[in-house]
$ cat start-v2.txt   # compact mmCIF, C-alpha atoms
# COMPACT_ATOMS: atom_id res chain seq x y z
CA MET A 4 123.30 -10.91 -94.65
CA THR A 5 121.96 -13.61 -96.86
CA ASN A 6 119.71 -12.74 -99.77
CA SER A 7 116.23 -13.54 -98.58
CA SER A 8 115.06 -14.11 -102.12
CA SER A 9 117.35 -17.10 -102.56
CA THR A 10 115.54 -20.22 -103.61
CA PRO A 11 115.57 -23.32 -101.40
CA THR A 12 116.75 -26.50 -102.97
CA GLY A 13 115.91 -30.18 -102.60
CA LYS A 14 113.01 -32.50 -103.34
CA LYS A 15 109.49 -31.11 -103.13
CA ASN A 16 108.43 -33.61 -100.44
CA THR A 17 111.32 -32.63 -98.23
CA LYS A 18 109.74 -29.35 -97.18
CA TRP A 19 106.61 -31.18 -95.97
CA HIS A 20 108.64 -33.69 -93.97
CA VAL A 21 110.56 -30.76 -92.45
CA LEU A 22 107.25 -29.03 -91.67
CA PHE A 23 105.59 -31.95 -89.89
CA GLY A 24 108.75 -33.46 -88.40
CA GLY A 25 109.74 -30.01 -87.13
CA PHE A 26 106.25 -29.48 -85.69
CA PHE A 27 106.37 -32.63 -83.58
CA GLY A 28 110.03 -32.19 -82.66
CA TYR A 29 109.45 -28.68 -81.33
CA MET A 30 106.18 -29.76 -79.69
CA PHE A 31 108.10 -32.24 -77.53
CA ASP A 32 110.69 -29.53 -76.88
CA ALA A 33 107.85 -27.48 -75.38
CA VAL A 34 106.44 -30.43 -73.45
CA ASP A 35 109.81 -31.10 -71.82
CA ILE A 36 110.32 -27.44 -70.89
CA LEU A 37 106.77 -26.81 -69.61
CA LEU A 38 106.50 -30.01 -67.56
CA LEU A 39 108.50 -28.17 -64.92
CA ALA A 40 106.27 -25.07 -64.96
CA VAL A 41 102.96 -26.95 -64.67
CA SER A 42 104.29 -29.16 -61.87
CA MET A 43 106.07 -26.31 -60.04
CA PRO A 44 103.37 -25.76 -57.35
CA VAL A 45 103.42 -29.46 -56.44
CA ILE A 46 107.23 -29.73 -56.52
CA ILE A 47 107.59 -26.70 -54.22
CA ALA A 48 105.10 -28.18 -51.76
CA ASP A 49 106.46 -31.74 -51.92
CA LEU A 50 110.15 -30.87 -51.56
CA GLY A 51 109.57 -27.97 -49.16
CA ILE A 52 111.60 -25.49 -51.21
CA SER A 53 111.14 -21.72 -51.62
CA LYS A 54 109.77 -19.94 -54.70
CA ALA A 55 113.29 -18.71 -55.42
CA ASP A 56 114.60 -22.29 -55.36
CA GLY A 57 111.78 -23.30 -57.69
CA GLY A 58 112.73 -20.47 -60.03
CA LEU A 59 116.30 -21.70 -60.00
CA LEU A 60 115.18 -25.03 -61.46
CA ALA A 61 113.78 -23.14 -64.47
CA THR A 62 116.91 -21.00 -64.56
CA SER A 63 119.19 -24.05 -64.77
CA THR A 64 117.24 -25.27 -67.82
CA MET A 65 117.67 -21.93 -69.60
CA VAL A 66 121.38 -21.74 -68.75
CA GLY A 67 121.87 -25.14 -70.39
CA ILE A 68 119.88 -23.93 -73.41
CA GLY A 69 122.02 -20.81 -73.68
CA LEU A 70 125.25 -22.79 -73.61
CA SER A 71 123.93 -25.26 -76.18
CA SER A 72 123.50 -22.52 -78.80
CA ILE A 73 127.23 -22.43 -79.46
CA VAL A 74 127.96 -26.17 -79.35
CA VAL A 75 124.85 -27.38 -81.21
CA GLY A 76 124.97 -24.60 -83.80
CA TRP A 77 128.62 -25.36 -84.53
CA CYS A 78 127.86 -29.09 -84.91
CA ALA A 79 124.89 -28.44 -87.22
CA ASP A 80 126.85 -26.11 -89.50
CA ASN A 81 129.87 -28.39 -89.63
CA TYR A 82 128.38 -31.91 -89.47
CA GLY A 83 124.81 -31.50 -90.70
CA ARG A 84 121.33 -30.49 -89.56
CA ARG A 85 119.78 -33.97 -89.47
CA LYS A 86 122.35 -35.80 -87.35
CA THR A 87 122.66 -32.98 -84.82
CA LEU A 88 118.89 -32.62 -84.45
CA PHE A 89 118.49 -36.37 -83.86
CA TRP A 90 120.94 -36.37 -80.97
CA SER A 91 119.51 -33.16 -79.50
CA LEU A 92 116.04 -34.73 -79.35
CA MET A 93 117.38 -37.96 -77.87
CA LEU A 94 119.42 -36.16 -75.21
CA PHE A 95 116.68 -34.03 -73.71
CA SER A 96 114.01 -36.76 -73.88
CA ILE A 97 116.09 -39.24 -71.87
CA LEU A 98 117.26 -36.67 -69.32
CA THR A 99 113.75 -35.29 -68.76
CA ALA A 100 112.37 -38.77 -68.16
CA ALA A 101 115.19 -39.39 -65.68
CA ILE A 102 113.70 -36.72 -63.36
CA ALA A 103 111.03 -39.29 -62.45
CA PHE A 104 113.71 -41.12 -60.46
CA THR A 105 115.07 -38.15 -58.50
CA SER A 106 114.61 -37.56 -54.79
CA THR A 107 116.24 -34.15 -54.18
CA TRP A 108 116.09 -30.58 -55.50
CA PHE A 109 119.76 -30.72 -56.51
CA GLU A 110 119.27 -33.82 -58.65
CA ILE A 111 116.47 -32.09 -60.55
CA LEU A 112 118.65 -28.99 -60.93
CA VAL A 113 121.49 -30.97 -62.56
CA LEU A 114 119.19 -32.94 -64.88
CA ARG A 115 117.37 -29.76 -66.00
CA PHE A 116 120.70 -28.13 -66.86
CA LEU A 117 121.88 -31.16 -68.86
CA ALA A 118 118.52 -31.48 -70.63
CA GLY A 119 118.81 -27.82 -71.59
CA LEU A 120 121.94 -28.64 -73.59
CA GLY A 121 119.74 -30.75 -75.87
CA LEU A 122 116.67 -28.52 -75.80
CA GLY A 123 118.57 -25.50 -77.12
CA GLY A 124 119.49 -27.15 -80.40
CA VAL A 125 116.00 -27.93 -81.65
CA TRP A 126 114.81 -24.38 -82.44
CA SER A 127 117.95 -23.29 -84.28
CA ILE A 128 118.22 -26.40 -86.47
CA ILE A 129 114.53 -26.47 -87.37
CA VAL A 130 114.41 -22.81 -88.41
CA ALA A 131 117.54 -23.31 -90.54
CA TYR A 132 115.87 -26.34 -92.17
CA ILE A 133 112.79 -24.24 -92.99
CA SER A 134 114.86 -21.43 -94.46
CA GLU A 135 116.67 -23.96 -96.67
CA THR A 136 113.65 -25.98 -97.85
CA TRP A 137 110.74 -23.50 -98.14
CA PRO A 138 110.37 -20.71 -100.74
CA ALA A 139 110.89 -17.19 -99.39
CA LYS A 140 107.26 -16.10 -99.88
CA GLN A 141 106.06 -18.92 -97.58
CA ARG A 142 108.74 -18.96 -94.89
CA GLY A 143 106.87 -16.72 -92.46
CA ARG A 144 103.82 -18.98 -92.27
CA ALA A 145 105.91 -22.19 -92.48
CA ALA A 146 108.15 -21.19 -89.55
CA SER A 147 105.19 -19.91 -87.55
CA PHE A 148 103.25 -23.14 -88.11
CA VAL A 149 106.17 -25.31 -87.03
CA LEU A 150 106.90 -23.17 -83.98
CA SER A 151 103.20 -22.93 -83.11
CA SER A 152 103.76 -26.47 -81.89
CA PHE A 153 105.23 -24.86 -78.77
CA PRO A 154 101.82 -23.82 -77.37
CA VAL A 155 100.49 -27.22 -78.46
CA GLY A 156 103.26 -28.82 -76.40
CA ALA A 157 102.60 -26.46 -73.51
CA GLY A 158 98.89 -27.29 -73.62
CA LEU A 159 99.71 -30.99 -73.79
CA ALA A 160 101.99 -30.64 -70.76
CA ALA A 161 99.17 -28.94 -68.85
CA PHE A 162 96.66 -31.62 -69.90
CA LEU A 163 99.04 -34.42 -68.92
CA SER A 164 99.56 -32.80 -65.52
CA TYR A 165 95.77 -32.70 -65.10
CA LEU A 166 95.57 -36.44 -65.83
CA ILE A 167 98.71 -37.70 -64.11
CA ILE A 168 99.63 -35.60 -61.06
CA PRO A 169 96.44 -36.19 -58.98
CA SER A 170 96.66 -39.98 -59.43
CA TYR A 171 100.36 -40.75 -59.86
CA GLY A 172 102.29 -37.71 -58.61
CA TRP A 173 104.57 -35.18 -60.31
CA ARG A 174 107.48 -37.60 -60.85
CA ALA A 175 105.39 -39.82 -63.13
CA LEU A 176 104.60 -36.75 -65.23
CA PHE A 177 108.23 -36.37 -66.30
CA LEU A 178 108.23 -39.82 -67.89
CA CYS A 179 106.17 -38.24 -70.67
CA GLY A 180 109.31 -36.36 -71.72
CA ALA A 181 110.56 -39.52 -73.41
CA GLY A 182 108.02 -38.92 -76.19
CA ALA A 183 110.59 -36.84 -78.07
CA ILE A 184 112.26 -40.09 -79.11
CA ILE A 185 109.39 -40.53 -81.62
CA ALA A 186 110.23 -37.22 -83.28
CA ALA A 187 113.93 -38.14 -83.36
CA ILE A 188 113.17 -41.38 -85.20
CA TYR A 189 110.88 -39.54 -87.66
CA PHE A 190 113.69 -37.19 -88.64
CA LEU A 191 116.11 -40.08 -88.97
CA ILE A 192 113.80 -41.96 -91.35
CA PHE A 193 111.94 -39.30 -93.36
CA VAL A 194 113.94 -36.05 -93.37
CA PRO A 195 117.07 -35.98 -95.56
CA GLU A 196 120.02 -33.73 -94.95
CA SER A 197 119.59 -30.16 -96.20
CA GLU A 198 120.72 -29.90 -99.83
CA THR A 199 121.68 -26.27 -99.26
CA TRP A 200 123.93 -27.29 -96.36
CA LYS A 201 125.45 -30.15 -98.39
CA LYS A 202 126.43 -27.77 -101.20
CA GLU A 203 127.90 -25.32 -98.72
CA LYS A 204 129.75 -28.18 -97.00
CA GLU A 205 131.17 -29.33 -100.35
CA SER A 206 132.48 -25.86 -101.14
CA ARG A 207 134.18 -25.74 -97.74
CA LYS A 208 135.59 -29.22 -98.21
CA ASN A 209 137.47 -28.06 -101.26
CA LYS A 210 139.01 -25.28 -99.18
CA SER A 211 139.58 -27.43 -96.07
CA GLU A 212 137.62 -24.94 -93.98
CA ARG A 213 135.46 -25.28 -90.88
CA VAL A 214 132.79 -22.87 -89.78
CA SER A 215 133.79 -20.77 -86.78
CA ILE A 216 131.50 -18.95 -84.37
CA SER A 217 133.72 -15.87 -84.78
CA GLU A 218 132.24 -15.42 -88.27
CA ILE A 219 128.94 -14.15 -86.89
CA PHE A 220 130.92 -11.29 -85.33
CA SER A 221 132.60 -10.31 -88.60
CA PRO A 222 132.16 -6.64 -89.61
CA GLU A 223 129.25 -7.40 -91.95
CA LEU A 224 127.33 -9.60 -89.45
CA ALA A 225 128.24 -8.31 -85.97
CA ARG A 226 125.53 -5.62 -85.85
CA ASN A 227 122.77 -8.08 -86.71
CA THR A 228 124.13 -10.63 -84.23
CA VAL A 229 124.25 -8.20 -81.32
CA LEU A 230 120.90 -6.52 -81.97
CA ALA A 231 119.02 -9.77 -82.63
CA THR A 232 120.47 -11.24 -79.41
CA ILE A 233 119.25 -8.20 -77.45
CA VAL A 234 115.77 -8.50 -78.98
CA ALA A 235 115.61 -12.22 -78.14
CA SER A 236 116.87 -11.55 -74.61
CA PHE A 237 114.27 -8.87 -73.87
CA GLY A 238 111.43 -10.90 -75.39
CA LEU A 239 112.34 -14.13 -73.65
CA ILE A 240 113.01 -12.47 -70.29
CA GLY A 241 109.43 -11.26 -70.47
CA TYR A 242 108.06 -14.59 -71.67
CA TRP A 243 109.80 -16.92 -69.23
CA GLY A 244 109.53 -14.43 -66.38
CA CYS A 245 105.74 -14.61 -66.57
CA THR A 246 105.13 -18.11 -68.02
CA THR A 247 107.05 -19.89 -65.25
CA TRP A 248 104.89 -18.28 -62.60
CA LEU A 249 101.47 -18.16 -64.29
CA PRO A 250 100.44 -21.59 -62.89
CA LEU A 251 101.28 -20.45 -59.35
CA PHE A 252 99.56 -17.08 -60.00
CA LEU A 253 96.37 -18.86 -61.04
CA THR A 254 96.38 -21.26 -58.08
CA GLN A 255 97.73 -19.03 -55.31
CA ASP A 256 96.55 -15.51 -56.22
CA ARG A 257 93.33 -16.34 -58.07
CA GLY A 258 92.33 -19.44 -56.11
CA LEU A 259 92.02 -21.96 -58.93
CA SER A 260 92.35 -25.64 -58.14
CA LEU A 261 95.24 -27.53 -59.71
CA GLU A 262 92.83 -29.21 -62.12
CA ASN A 263 91.22 -25.91 -63.20
CA MET A 264 94.64 -24.26 -63.55
CA SER A 265 95.70 -26.99 -65.95
CA LEU A 266 92.56 -26.49 -68.06
CA PHE A 267 93.02 -22.69 -68.05
CA PHE A 268 96.58 -23.23 -69.24
CA VAL A 269 95.32 -25.42 -72.09
CA VAL A 270 92.86 -22.70 -73.20
CA LEU A 271 95.59 -20.06 -72.97
CA ASN A 272 97.80 -22.11 -75.27
CA VAL A 273 94.98 -22.49 -77.79
CA GLY A 274 95.07 -18.71 -78.10
CA MET A 275 98.83 -18.85 -78.56
CA PHE A 276 98.55 -21.50 -81.29
CA VAL A 277 96.05 -19.36 -83.22
CA GLY A 278 98.26 -16.29 -82.76
CA TYR A 279 101.35 -18.02 -84.12
CA ASN A 280 99.60 -19.03 -87.32
CA VAL A 281 97.73 -15.76 -87.85
CA PHE A 282 100.93 -13.78 -87.35
CA GLY A 283 102.75 -16.13 -89.74
CA ILE A 284 100.30 -15.18 -92.49
CA VAL A 285 100.53 -11.52 -91.50
CA ALA A 286 104.33 -11.71 -91.67
CA ASP A 287 104.22 -12.94 -95.27
CA LYS A 288 101.89 -10.05 -96.11
CA VAL A 289 103.34 -7.04 -94.27
CA GLY A 290 106.90 -8.25 -93.54
CA ARG A 291 108.46 -10.21 -90.71
CA ARG A 292 109.99 -7.24 -88.90
CA THR A 293 106.65 -5.39 -88.83
CA ALA A 294 104.84 -8.51 -87.58
CA LEU A 295 107.43 -8.92 -84.81
CA ILE A 296 106.92 -5.34 -83.66
CA TRP A 297 103.13 -5.82 -83.54
CA SER A 298 103.55 -9.06 -81.59
CA PHE A 299 105.85 -7.53 -78.94
CA ILE A 300 103.76 -4.40 -78.42
CA GLY A 301 100.50 -6.38 -78.34
CA THR A 302 101.94 -8.67 -75.65
CA ALA A 303 103.15 -5.67 -73.61
CA ILE A 304 99.62 -4.22 -73.63
CA THR A 305 97.58 -7.37 -72.97
CA LEU A 306 99.71 -9.00 -70.24
CA PRO A 307 99.01 -6.33 -67.56
CA ILE A 308 95.30 -6.47 -68.43
CA TYR A 309 95.29 -10.26 -68.03
CA VAL A 310 96.95 -10.38 -64.61
CA SER A 311 94.66 -7.57 -63.38
CA MET A 312 91.62 -9.82 -63.88
CA THR A 313 90.18 -11.45 -60.78
CA GLY A 314 87.11 -13.41 -61.87
CA GLU A 315 87.53 -16.91 -63.31
CA MET A 316 85.48 -16.11 -66.43
CA ALA A 317 87.49 -12.94 -67.10
CA LEU A 318 90.74 -14.89 -66.76
CA LEU A 319 89.42 -17.63 -69.04
CA ILE A 320 88.54 -15.11 -71.77
CA MET A 321 91.52 -12.76 -71.46
CA GLY A 322 94.15 -15.52 -71.24
CA PRO A 323 93.89 -16.55 -74.92
CA VAL A 324 93.79 -12.87 -75.97
CA TYR A 325 97.12 -12.21 -74.23
CA ALA A 326 98.57 -15.47 -75.54
CA PHE A 327 97.48 -14.63 -79.11
CA PHE A 328 100.10 -11.87 -79.27
CA THR A 329 102.99 -14.01 -77.93
CA ALA A 330 103.77 -15.17 -81.47
CA PHE A 331 107.21 -13.58 -81.58
CA VAL A 332 109.11 -16.85 -81.13
CA GLY A 333 107.59 -18.19 -84.34
CA LEU A 334 108.29 -14.93 -86.14
CA MET A 335 111.91 -14.90 -84.97
CA GLY A 336 112.17 -18.39 -86.43
CA SER A 337 111.57 -17.02 -89.94
CA TYR A 338 113.40 -13.70 -89.40
CA PHE A 339 116.66 -14.59 -87.62
CA PRO A 340 117.97 -17.25 -90.07
CA GLU A 341 117.87 -14.76 -92.94
CA LEU A 342 120.10 -12.34 -91.11
CA PHE A 343 122.91 -14.84 -91.82
CA PRO A 344 124.29 -16.70 -94.87
CA THR A 345 123.92 -20.50 -95.16
CA ARG A 346 127.48 -21.03 -93.96
CA VAL A 347 126.71 -19.78 -90.44
CA ARG A 348 122.91 -19.85 -90.47
CA THR A 349 122.41 -22.31 -87.60
CA ILE A 350 125.14 -20.79 -85.46
CA GLY A 351 123.91 -17.26 -86.12
CA ALA A 352 120.18 -17.78 -85.60
CA GLY A 353 120.77 -20.24 -82.77
CA PHE A 354 123.23 -17.95 -81.02
CA CYS A 355 120.84 -14.98 -81.06
CA PHE A 356 117.80 -16.95 -79.91
CA ASN A 357 119.43 -19.32 -77.42
CA ILE A 358 121.75 -16.77 -75.85
CA GLY A 359 118.55 -14.80 -75.38
CA ARG A 360 117.07 -17.86 -73.69
CA GLY A 361 120.23 -18.18 -71.60
CA VAL A 362 119.97 -14.56 -70.46
CA SER A 363 116.27 -15.07 -69.75
CA ALA A 364 117.29 -17.95 -67.47
CA PHE A 365 117.59 -15.53 -64.59
CA ALA A 366 114.08 -14.13 -65.09
CA PRO A 367 112.21 -16.94 -63.25
CA PHE A 368 114.75 -16.76 -60.42
CA ALA A 369 114.48 -12.94 -60.20
CA MET A 370 110.70 -13.03 -60.43
CA GLY A 371 110.67 -15.55 -57.58
CA PHE A 372 112.44 -13.02 -55.35
CA ILE A 373 110.17 -10.20 -56.49
CA ALA A 374 107.11 -12.37 -55.86
CA GLN A 375 108.23 -13.09 -52.29
CA SER A 376 108.52 -9.36 -51.54
CA TYR A 377 105.90 -7.68 -53.72
CA GLY A 378 103.62 -10.45 -54.94
CA LEU A 379 103.29 -12.46 -58.15
CA VAL A 380 101.17 -9.83 -59.92
CA THR A 381 103.90 -7.21 -59.59
CA GLY A 382 106.56 -9.63 -60.82
CA ILE A 383 104.52 -10.61 -63.87
CA MET A 384 103.64 -6.96 -64.63
CA ILE A 385 107.35 -6.11 -64.86
CA CYS A 386 107.67 -8.59 -67.72
CA ALA A 387 105.53 -6.31 -69.92
CA VAL A 388 108.32 -3.72 -69.87
CA PHE A 389 110.70 -6.20 -71.51
CA PHE A 390 108.20 -6.98 -74.27
CA CYS A 391 107.96 -3.26 -74.99
CA LEU A 392 111.76 -2.90 -75.11
CA ALA A 393 112.04 -5.83 -77.53
CA GLY A 394 109.49 -4.20 -79.85
CA PHE A 395 111.37 -0.91 -79.95
CA MET A 396 114.72 -2.64 -80.53
CA MET A 397 113.30 -4.28 -83.68
CA PHE A 398 113.37 -0.89 -85.43
CA ALA A 399 117.18 -1.06 -85.39
CA LEU A 400 117.26 -4.34 -87.34
CA PRO A 401 116.92 -4.56 -91.16
CA ASN A 402 113.63 -5.03 -92.97
CA ILE A 403 114.61 -8.20 -94.82
CA ASP A 404 111.33 -8.44 -96.73
CA GLY A 405 111.66 -4.91 -98.03
CA LYS A 406 114.97 -5.87 -99.66
CA LYS A 407 113.55 -8.69 -101.77
CA GLN A 408 114.08 -8.14 -105.47
CA PRO A 409 113.79 -11.60 -107.02
CA THR A 410 114.56 -12.14 -110.64
CA ALA A 411 111.91 -13.54 -113.00
CA ALA A 412 113.69 -16.91 -113.02
CA GLN A 413 113.77 -17.02 -109.21
CA SER A 414 110.09 -16.08 -109.00
CA ASN A 415 109.11 -18.83 -111.44
CA LEU A 416 111.15 -21.47 -109.59
CA GLU A 417 109.73 -20.43 -106.21
CA ALA A 418 106.20 -20.60 -107.67
CA GLN A 419 106.90 -24.17 -108.81
CA GLU A 420 108.29 -25.22 -105.41
CA GLY A 421 105.39 -23.55 -103.63
CA ASN A 422 102.91 -25.87 -105.34
$ encode --input "start-v2.txt" --output "structure tokens"
Amino acid sequence: MTNSSSTPTGKKNTKWHVLFGGFFGYMFDAVDILLLAVSMPVIIADLGISKADGGLLATSTMVGIGLSSIVVGWCADNYGRRKTLFWSLMLFSILTAAIAFTSTWFEILVLRFLAGLGLGGVWSIIVAYISETWPAKQRGRAASFVLSSFPVGAGLAAFLSYLIIPSYGWRALFLCGAGAIIAAIYFLIFVPESETWKKEKESRKNKSERVSISEIFSPELARNTVLATIVASFGLIGYWGCTTWLPLFLTQDRGLSLENMSLFFVVLNVGMFVGYNVFGIVADKVGRRTALIWSFIGTAITLPIYVSMTGEMALLIMGPVYAFFTAFVGLMGSYFPELFPTRVRTIGAGFCFNIGRGVSAFAPFAMGFIAQSYGLVTGIMICAVFFCLAGFMMFALPNIDGKKQPTAAQSNLEAQEGN
């Protein structure tokens, strides 16, 4: 495991470009993923497909994301963070926009899978960038802020669906996915390659070595790799199992119009945005592992309460409360990279998180079957069990913040870079 007290290197302005470039890059990542969820009720009705078939569209996206963790992580650790992130953003933006020109369920299925190959690389590269450019005492809040762009993107996707679908149809909505090209250009112009990676690359160049994925399964790293992957899998099974079907739950089970559902989804994501940033500050105070445990358990408690609500006002109030606790993705973004040394940081963190996303790919599909037999409420309730399991599994992983013992020189340098 890498020493979490190590000091990031590079120019002072770099960390701010990483922060804001990463925010908008991951925001468009969320937009492109959530466009499918918010348009799912209309797609199912328009194409005449079953709920299970609709769930399979979300599943194909997550399978592509899971597979991308190995390829994209390997490219980022061998060829650089910046170049790999640029092409990841370009790939999924173009392929998402292409859905506007489809006419069949199968065409959407293929494009969602291919877009997933690009979507999976964004999280792992951005969190590695943060770990290598921000001082250790600020990484929790920096990672949480950047990844809090996910609920912003989700809210934006819901708002765009509110504006576009009634007037122009669901296909026009997917053209908005091309917005990620803006983030790709920003990184290309303003964000330099990670100095930490460049030094590591230079040391490998002298030895004629390449990074291999097998290194994250070496005796000293295998335990962290396996346990972190299980935590990510449980957490993301719960998250995508319920998030994919919440729009249909609100419209079908609770009787909201498509327009009101979109607005409810925006409010829910406001709660998530606040939660990400509050938990980021909490993580820097009490430790990232502790904050992750609180996030998972809080989500497991509040989700069943939320889906038990029947009145529109109760749903409007309780939605942001539930979403507030779903900050674990942001917290994993500051925790997972420091389970691995710089050499395999992107592969390691990306493998754990994106394999978890790949495993969670089957949650929307499974929940679709459960919903057909037992109802959407039952399917969503089951997701709370996975949040609880993820929280308990965190106790088996190391407390990286508790192991910090920075020297006086390191503390002084981090204080300077934190200004």
$ closest_residue --input "start-v2.txt" --among "A:Ile216, A:Ala231, A:Met397, A:Met93" --to "A:Glu341" --atoms "all atoms listed in the file"
A:Ala231
$ atom_distance --input "start-v2.txt" --atom1 "atom CA of A:Ile240" --atom2 "atom CA of A:Met335"
14.9 Å
$ closest_residue --input "start-v2.txt" --among "A:Val155, A:Met264, A:Leu342, A:Val273" --to "A:Ala225" --atoms "all atoms listed in the file"
A:Leu342
$ atom_distance --input "start-v2.txt" --atom1 "atom CA of A:Ala326" --atom2 "atom CA of A:Tyr29"
18.1 Å
$ residues_around --input "start-v2.txt" --residues "stretch 298-310 of chain A" --least-positions-apart "4" --cutoff "7 Å" --atoms "all atoms listed in the file" --output "JSON, numbers by chain"
{"A": [294, 318, 321, 322, 325, 328, 329, 330, 331, 380, 384, 387, 388, 390, 391, 393, 394]}
$ closest_atom_pairs --input "start-v2.txt" --of "stretch 217-280 of chain A" --to "stretch 43-63 of chain A" --cutoff "10 Å" --atoms "only C-alpha atoms" --output "CSV"
residue,atom,partner,partner_atom,distance
A:Trp243,CA,A:Ala61,CA,8.8
A:Gly244,CA,A:Gly58,CA,9.3
A:Thr247,CA,A:Ala61,CA,7.5
A:Trp248,CA,A:Met43,CA,8.5
A:Pro250,CA,A:Pro44,CA,7.5
A:Leu251,CA,A:Pro44,CA,6.0
A:Phe252,CA,A:Pro44,CA,9.8
A:Thr254,CA,A:Pro44,CA,8.3
A:Gln255,CA,A:Pro44,CA,9.0
A:Leu261,CA,A:Pro44,CA,8.6
$ write_last_selection --input "start-v2.txt" --atoms "C-alpha atoms" --output "mmCIF file, keeping the file's coordinate frame"
data_model
loop_
_atom_site.group_PDB
_atom_site.id
_atom_site.type_symbol
_atom_site.label_atom_id
_atom_site.label_comp_id
_atom_site.auth_asym_id
_atom_site.auth_seq_id
_atom_site.Cartn_x
_atom_site.Cartn_y
_atom_site.Cartn_z
ATOM 1 C CA TRP A 243 109.800 -16.920 -69.230
ATOM 2 C CA GLY A 244 109.530 -14.430 -66.380
ATOM 3 C CA THR A 247 107.050 -19.890 -65.250
ATOM 4 C CA TRP A 248 104.890 -18.280 -62.600
ATOM 5 C CA PRO A 250 100.440 -21.590 -62.890
ATOM 6 C CA LEU A 251 101.280 -20.450 -59.350
ATOM 7 C CA PHE A 252 99.560 -17.080 -60.000
ATOM 8 C CA THR A 254 96.380 -21.260 -58.080
ATOM 9 C CA GLN A 255 97.730 -19.030 -55.310
ATOM 10 C CA LEU A 261 95.240 -27.530 -59.710
#
$ closest_residue --input "start-v2.txt" --among "A:Phe389, A:Phe237, A:Phe282, A:Phe356" --to "A:Ser147" --atoms "all atoms listed in the file"
A:Phe282
$ closest_residue --input "start-v2.txt" --among "A:Met275, A:Leu98, A:Val214, A:Met312" --to "A:Tyr82" --atoms "only C-alpha atoms"
A:Val214
$ residues_near_point --input "start-v2.txt" --point "(101.8, -15.6, -92.1)" --cutoff "8 Å" --atoms "only C-alpha atoms" --output "PDB file with C-alpha atoms, keeping the file's coordinate frame"
ATOM      1  CA  GLN A 141     106.060 -18.920 -97.580  1.00  0.00           C
ATOM      2  CA  GLY A 143     106.870 -16.720 -92.460  1.00  0.00           C
ATOM      3  CA  ARG A 144     103.820 -18.980 -92.270  1.00  0.00           C
ATOM      4  CA  ALA A 145     105.910 -22.190 -92.480  1.00  0.00           C
ATOM      5  CA  SER A 147     105.190 -19.910 -87.550  1.00  0.00           C
ATOM      6  CA  ASN A 280      99.600 -19.030 -87.320  1.00  0.00           C
ATOM      7  CA  VAL A 281      97.730 -15.760 -87.850  1.00  0.00           C
ATOM      8  CA  PHE A 282     100.930 -13.780 -87.350  1.00  0.00           C
ATOM      9  CA  GLY A 283     102.750 -16.130 -89.740  1.00  0.00           C
ATOM     10  CA  ILE A 284     100.300 -15.180 -92.490  1.00  0.00           C
ATOM     11  CA  VAL A 285     100.530 -11.520 -91.500  1.00  0.00           C
ATOM     12  CA  ALA A 286     104.330 -11.710 -91.670  1.00  0.00           C
ATOM     13  CA  ASP A 287     104.220 -12.940 -95.270  1.00  0.00           C
ATOM     14  CA  LYS A 288     101.890 -10.050 -96.110  1.00  0.00           C
TER      15      LYS A 288
END
$ atom_distance --input "start-v2.txt" --atom1 "atom CA of A:Cys355" --atom2 "atom CA of A:Thr228"
6.3 Å
$ closest_residue --input "start-v2.txt" --among "A:Tyr279, A:Ala352, A:Ser72, A:Cys245" --to "A:Thr381" --atoms "only C-alpha atoms"
A:Cys245
$ residues_near_point --input "start-v2.txt" --point "(96.1, -25.4, -66.9)" --cutoff "8 Å" --atoms "all atoms listed in the file" --output "mmCIF file with C-alpha atoms, keeping the file's coordinate frame"
data_model
loop_
_atom_site.group_PDB
_atom_site.id
_atom_site.type_symbol
_atom_site.label_atom_id
_atom_site.label_comp_id
_atom_site.auth_asym_id
_atom_site.auth_seq_id
_atom_site.Cartn_x
_atom_site.Cartn_y
_atom_site.Cartn_z
ATOM 1 C CA VAL A 41 102.960 -26.950 -64.670
ATOM 2 C CA GLY A 158 98.890 -27.290 -73.620
ATOM 3 C CA ALA A 161 99.170 -28.940 -68.850
ATOM 4 C CA PHE A 162 96.660 -31.620 -69.900
ATOM 5 C CA TYR A 165 95.770 -32.700 -65.100
ATOM 6 C CA PRO A 250 100.440 -21.590 -62.890
ATOM 7 C CA LEU A 261 95.240 -27.530 -59.710
ATOM 8 C CA GLU A 262 92.830 -29.210 -62.120
ATOM 9 C CA ASN A 263 91.220 -25.910 -63.200
ATOM 10 C CA MET A 264 94.640 -24.260 -63.550
ATOM 11 C CA SER A 265 95.700 -26.990 -65.950
ATOM 12 C CA LEU A 266 92.560 -26.490 -68.060
ATOM 13 C CA PHE A 267 93.020 -22.690 -68.050
ATOM 14 C CA PHE A 268 96.580 -23.230 -69.240
ATOM 15 C CA VAL A 269 95.320 -25.420 -72.090
ATOM 16 C CA VAL A 270 92.860 -22.700 -73.200
#
